[in-house]
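What follows is a set of notes on a single structure, which appears directly below.
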Amino acid sequence: MRTRWLIPALAVSLALTAAACGGSSDSGDDAAEGAAATATGPGAGSKKVGFIFVGPKDDYGYNQAAYAGSQAVKKHYPDMEVLTAENVPEDDNATRVMEKMIAEGAKIIFATSYGHLDPGLKVAESHPDVVVVAQGNFIATAIPKNAGTYFGTVYEPVFLAGIAAGKATKSNKLGYVYAFPIPQTIANINAFQLGAASVNPAVQTYVVNTSSWCDPAKQAEAAKSLFAQGIDVITQHQDCTATITKAAEEAGKMVVGYHADASVLAPKGWVAGSEWAWADMYIDIVKTAREGKFTGSPYNGNFRVGYKDGKNPFVQSKFGTMVDAATKKLIEDQKAKISKDGSPFVGPVLAQDGSTMFKSGETPDYAIVEKLNVKFVKGVVGDLPKS
Amino acid sequence: MNIVAEVLTGGIRGGTSILYGALGETVSERAGVVNLGTEGSMLAGALAGYAVAAETGQPWFGVLAGAVAGGLLALVHAYLVLSRGANQLATGLVVLFLGLGLTSLFGVGYVQAIAPTFSPVAIPGLSDIAFIGPVFFEQDPLVYLSYFFVPLLSWLLFRSRWGVLLRASGERSEVLVAHGHRVGPIQYAAVVGGGMLAGLGGVHLSTAYTKAWFENMAVGRGFVAVAVVMFASRRPIRVAGGAYLFGAALALSPALQARGVGINQFALDAAPYVVTLLVLIAFGRRQLRDVPEGLSKVFDAQPTR
Amino acid sequence: MTSVGSETNPAASGPAALHRWLSWRSACVFGRAMRRPVLALGAAMAIFAALMLVKGVNPFAAYRDMFISTFTTTTSLGGIAVRATPLILAGLAVAVPARAGLINVGGEGQLIMGGVAAMGVSLALGGALHGPGALVLMAVAAAAAGALWSGLAALLRLKGGISEAVTTLLLNYIALDFMFFLIYERWKDPQGSGQPATRALDKADRLGLLGGSRVHLGLLIALVAVVVVHLVFQTTSWGFRLRVVGGNPEAARRAGLKVGSLLLTAMLVGGALGGLGGFAQLAGAEFKLRSGFVLGYGYVAYLASWLAGHKPIGVLLSCLLLSGIVIGGDSLQLDSGLPGASVNVLMALLLLGVFGFAKKREAAR
């Protein structure tokens with residue numbers, strides 16, 4: 001009995017002693033960096049950059065792509081130290097991890113998951129000298145001088161992949177497994193259906209949500225349920241993508257990839273897909289911040305690029321064997337059209353309930369799509385979870 | 001397929017990992033040892049099964065490895081509880097964290113590995129039976145294996161000499177000692193055997209159900225298994241019913257959604273736990289008599305009546 | 001598994017031993033007493049070092065970085081305090097019932113219900129009341145909800161004879177699904193980003209921060225709770241009676257103690273403390289209910305209380321220690337490149353070391 005709590009006592013007292021003795025290291029770092037930095041402004045002269053990921057950095061998906069981007073930054077800036085932390089939950093624990101990166105000298109932080117925005121803004125508020133950029137979410141309020149969000153127009157390549165899926169399907173039923181009904185995902189589902197319907201008016205997209213970015217067992221069951229409804233092409237918006245890809249291959253169905261090229265998992269059923277190429281945007285954000293030019297730059301806002309700018313970080317994956325030359329040509333043409341129009345959502349677009357989502361002649365850009373796309377388009381089968 | 005058959009099929013498919021874990025917990029609890037580390041054993045089994053299947057190209061080696069890994073983790077629990085007299089609930093949780101940490105440390109290399117996996121095999125004849133056939137007999141080999149374990153364990157626990165000894169070790173260990181038996185080895189065997197079963201549950205999860213290894217992929221199914229054992233008052237046949245009930249609750253939401261019906265998953269998820277509580281309330285007293293005495297030392301440190 | 005009740009003499013209990021330790025007078029006695037736990041700690045660190053070697057990480061550098069970055073920066077120390085705050089309260093939620101011999105594995109559910117109730121009050125107020133008044137209402141509701149959740153288990157134990165270890169565990173899952181149900185539908189922020197979460201607490205309805213750090217007033221609540229529980233245990237007749245019931249309920253009953261009401265109050269007080277923990281986490285750190293809210297904290301708190309022999313001061317220390325390990329895990333990841341979850345191995349090895357190498361205990365409860 002008597003010894004149980006002594007270990008904690010010992011450890012804590014050691015900690016307190018160490019804290020008393022070693023409080024100087026923070027200020028030492030600051031002084032060194034102050035001398036090195038010539039520019040001012042948040043993130044200026046940063047010697048370290050931190051990345052947090054919501055999942056493991058090798059998930060065959062979202063986090064792996066973001067990790068690859070962080071390594072590109074490392075390669076491009078050999079003098080910079082790149083700090084990475086995986087499995088950072090989308091709650092206050094993320095605040096702590098980012099704080100730690102900052103304590104280690106990072107003045108640029110990439111919070112790479114959708115739900116990292118709240119803790120990211122909290123960190124930005126308490127560290128005006130640090131740039132915090134969040135991937136994928138949207139700052140709806142006034143934008144702090146040292147924060148921003150960035151993303152690609154994900155629904156553009158998804159629309160193109162939808163064309164391939166619409167051509168490939170025999171049953172005219174497509175399946176979409178998604179995590180949460182966030183605007184980004186809804187836009188993807190809508191684009192997928194619109195793309196497919198553009199070449200196959202009879203096509204419908206059935207949706208199932210898993211309420212988790214990565215729960216393979218739920219994914220497996222969702223895929224099985226969709227196949228039971230006669231779906232023959234399945235796609236997903238999940239962080240980890242192996243389970244659904246393999247489930248499709250095993251069931252003899254076709255699959256459209258998302259986040260990463262998983263064609264090796266489905267040599268027979270792979271149709272098309274979209275994947276991330278973050279390197280250029282990450283490097284440019286780091287460059288802007290290091291030069292002290294972050295405040296007032298496009299990144300100091302809700303930064304989105306698409307085909308129109310020619311810089312969409314979300315790119316098409318390779319096509320599967322069943323996609324013929326005519327379809328590829330059609331997709332190329334559509335890509336050119338989107339690059340000109342600036343959006344695959346070209347009015348008139350009808351919502352699921354028959355009401356008008358986008359009027360004839362309307363071509364909504366990303367900001368509008370993200371704000372207005374809160375319901376499914378016509379042809380999508382399934383309810384959005386109520387809110 | 002109609003929705004009832006689909007949900008039942010999904011319930012068995014998704015309930016199988018829970019079933020293995022719950023059968024393991026049953027054996028362990030019958031010997032008087034609660035193991036909250038079941039989730040850890042499942043994770044260990046899931047990784048070891050997938051990794052060995054990937055390395056050897058033979059999924060059945062993965063099954064063996066998963067069972068061994070689950071058993072090894074349970075051995076840690078057995079040692080602390082049986083040889084060091086540690087608190088069962090606490091060490092169970094510690095074993096869970098150990099499993100979580102070890103599998104994430106060593107699992108990194110296998111997230112992208114491609115392993116041979118188990119696919120559904122229709123059993124000729126049986127699968128043609130109306131309704132029952134597709135539900136029970138178009139499953140994967142590890143599901144069929146679990147069909148054998150349920151009656152086998154039921155027989156072992158309640159009809160065999162081994163079962164008498166095992167239950168006695170959990171209920172009246174002093175009687176065993178008086179008859180010249182050693183309690184320790186029996187309890188060790190039960191706890192480790194239980195961990196091996198949980199490991200099999202993990203193997204089913206990774207190599208048959210999801211065909212992937214992913215960190216923390218059990219997401220609470222080991223805890224569900226512990227709840228199922230409470231629900232089923234430590235009887236293998238009822239455990240199977242409970243595991244499939246939980247599985248069906250998980251399968252209902254995607255089945256409805258794929259038919260265009262939205263549903264709040266979480267009201268559904270809570271239902272089995274509420275039912276378990278109600279079962280305990282309704283049959284609580286009767287169940288008390290059925291609880292191994294060794295267990296009541298764990299769950300009821302001091303009797304109040 | 002022998003019978004219960006061979007509790008060691010009071011002189012060896014937490015505070016007395018602490019005084020002894022602080023005085024340094026009985027250094028030799030102390031040295032002997034510490035031999036096993038230190039051995040356990042050493043063994044855990046050695047095994048983990050071996051694992052790090054297997055993973056190609058230099059264990060000496062890793063331990064050095066971990067120690068320096070965890071214990072020498074105010075950020076990290078603040079992080080430890082923030083994480084420990086709900087843990088301490090949830091740990092006390094285990095410790096109080098444990099004194100009466102009850103097993104509360106329901107810290108997780110009590111934390112969640114506390115957070116849910118506090119958020120519910122904030123939503124119900126709808127901005128009609130802000131500041132300290134709102135915070136007090138939220139705290140009271142949180143404590144009541146935690147007590148309700150543990151009281152349910154206590155009632156089932158007293159009236160139905162169902163083990164509270166079983167029911168508190170089941171109630172954890174129900175609480176979690178209940179919270180998910182709310183944030184996924186009823187309470188989901190309509191202005192939110194689509195992920196299941198409530199709206200954030202108004203700035204005026206958050207617990208104040210201490211100095212310029214992230215440490216919030218919840219820590220103060222937790223520390224006060226530790227002191228109060230400690231004093232109640234040591235000086236009040238209720239605390240004494242709990243101990244008697246915990247030692248031998250049959251004897252307590254024969255001595256005329258109202259065992260039932262003592263068990264019930266112990267559980268209620270425990271649950272209320274857990275609920276307060278949920279309030280502190282919501283109003284001090286998270287500000288929103290979201291899917292990861294206090295996930296796993298209840299189980300860690302159970303281990304912390306157990307590690308401390310269910311002594312309040314010990315609970316405080318072991319919660320700080322276990323939080324320190326998690327913060328140290330950030331360093332393992334950032335400085336040494338190990339997977340984030342591998343810190344669980346270190347924590348588990350340490351606990352296993354303590355459980356396995358420490359003196360074989362008289363009773364496994």
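Residues are named by chain letter and number: chains run A, B, ... in the order of the structure tokens, numbers start at 1 in each chain, and ligands are numbered from 1 in the order shown.
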
Could you please tell me, as a PyMOL selection string, which residues of chain A have an atom within 10 Å of chain B when using only C-alpha atoms? chain A and resi 55-60+87+175-177+205-211+214-229+231+240-247+250-251+262+264-265+380-386

Mind checking which residues fall within 8 Å of region 88-103 of chain A, counting only C-alpha atoms, ignoring those fewer than 5 positions away in the same chain, and posting them as JSON, numbers by chain? {"A": [26, 50, 52, 53, 54, 55, 83, 109, 113, 115, 116, 118, 119, 120, 122, 123, 130], "C": [73, 75, 76, 79, 285, 286, 290, 292, 293, 330, 334]}

Using only C-alpha atoms, can you tell me which of C:Ala272, C:Leu77, C:Ala225, C:Ala118 comes closest to chain A? C:Leu77

Among the residues of region 46-271 of chain B, find those DSSP assigns to helix (DSSP H, G or I) from the backbone and print them as number ranges by chain. B: 46-56, 59-83, 88-110, 126-128, 132-137, 141-159, 161-171, 173-178, 183-209, 221-231, 236-257, 265-271

Have a look at C:Leu89, C:Leu207, C:Ala197, C:Leu219 and name the one nearest to chain A; count only C-alpha atoms. C:Ala197

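Here the question is which of B:Gly37, B:Gly222, B:Pro59, B:Gly71 gets nearest to Gly194 (chain B) using only C-alpha atoms, and that residue is B:Gly71.
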
Mind listing as an MDAnalysis selection string which residues of chain C are within 8 Å of chain B, counting only C-alpha atoms? chainID C and resid 1 4 101:103 156 158 160:167 170:171 173:174 177:178 180:181 184:185 246 248:250 259:260 299 302:303 306 338:339 341:345 347:349 351:352 355:356 360:365
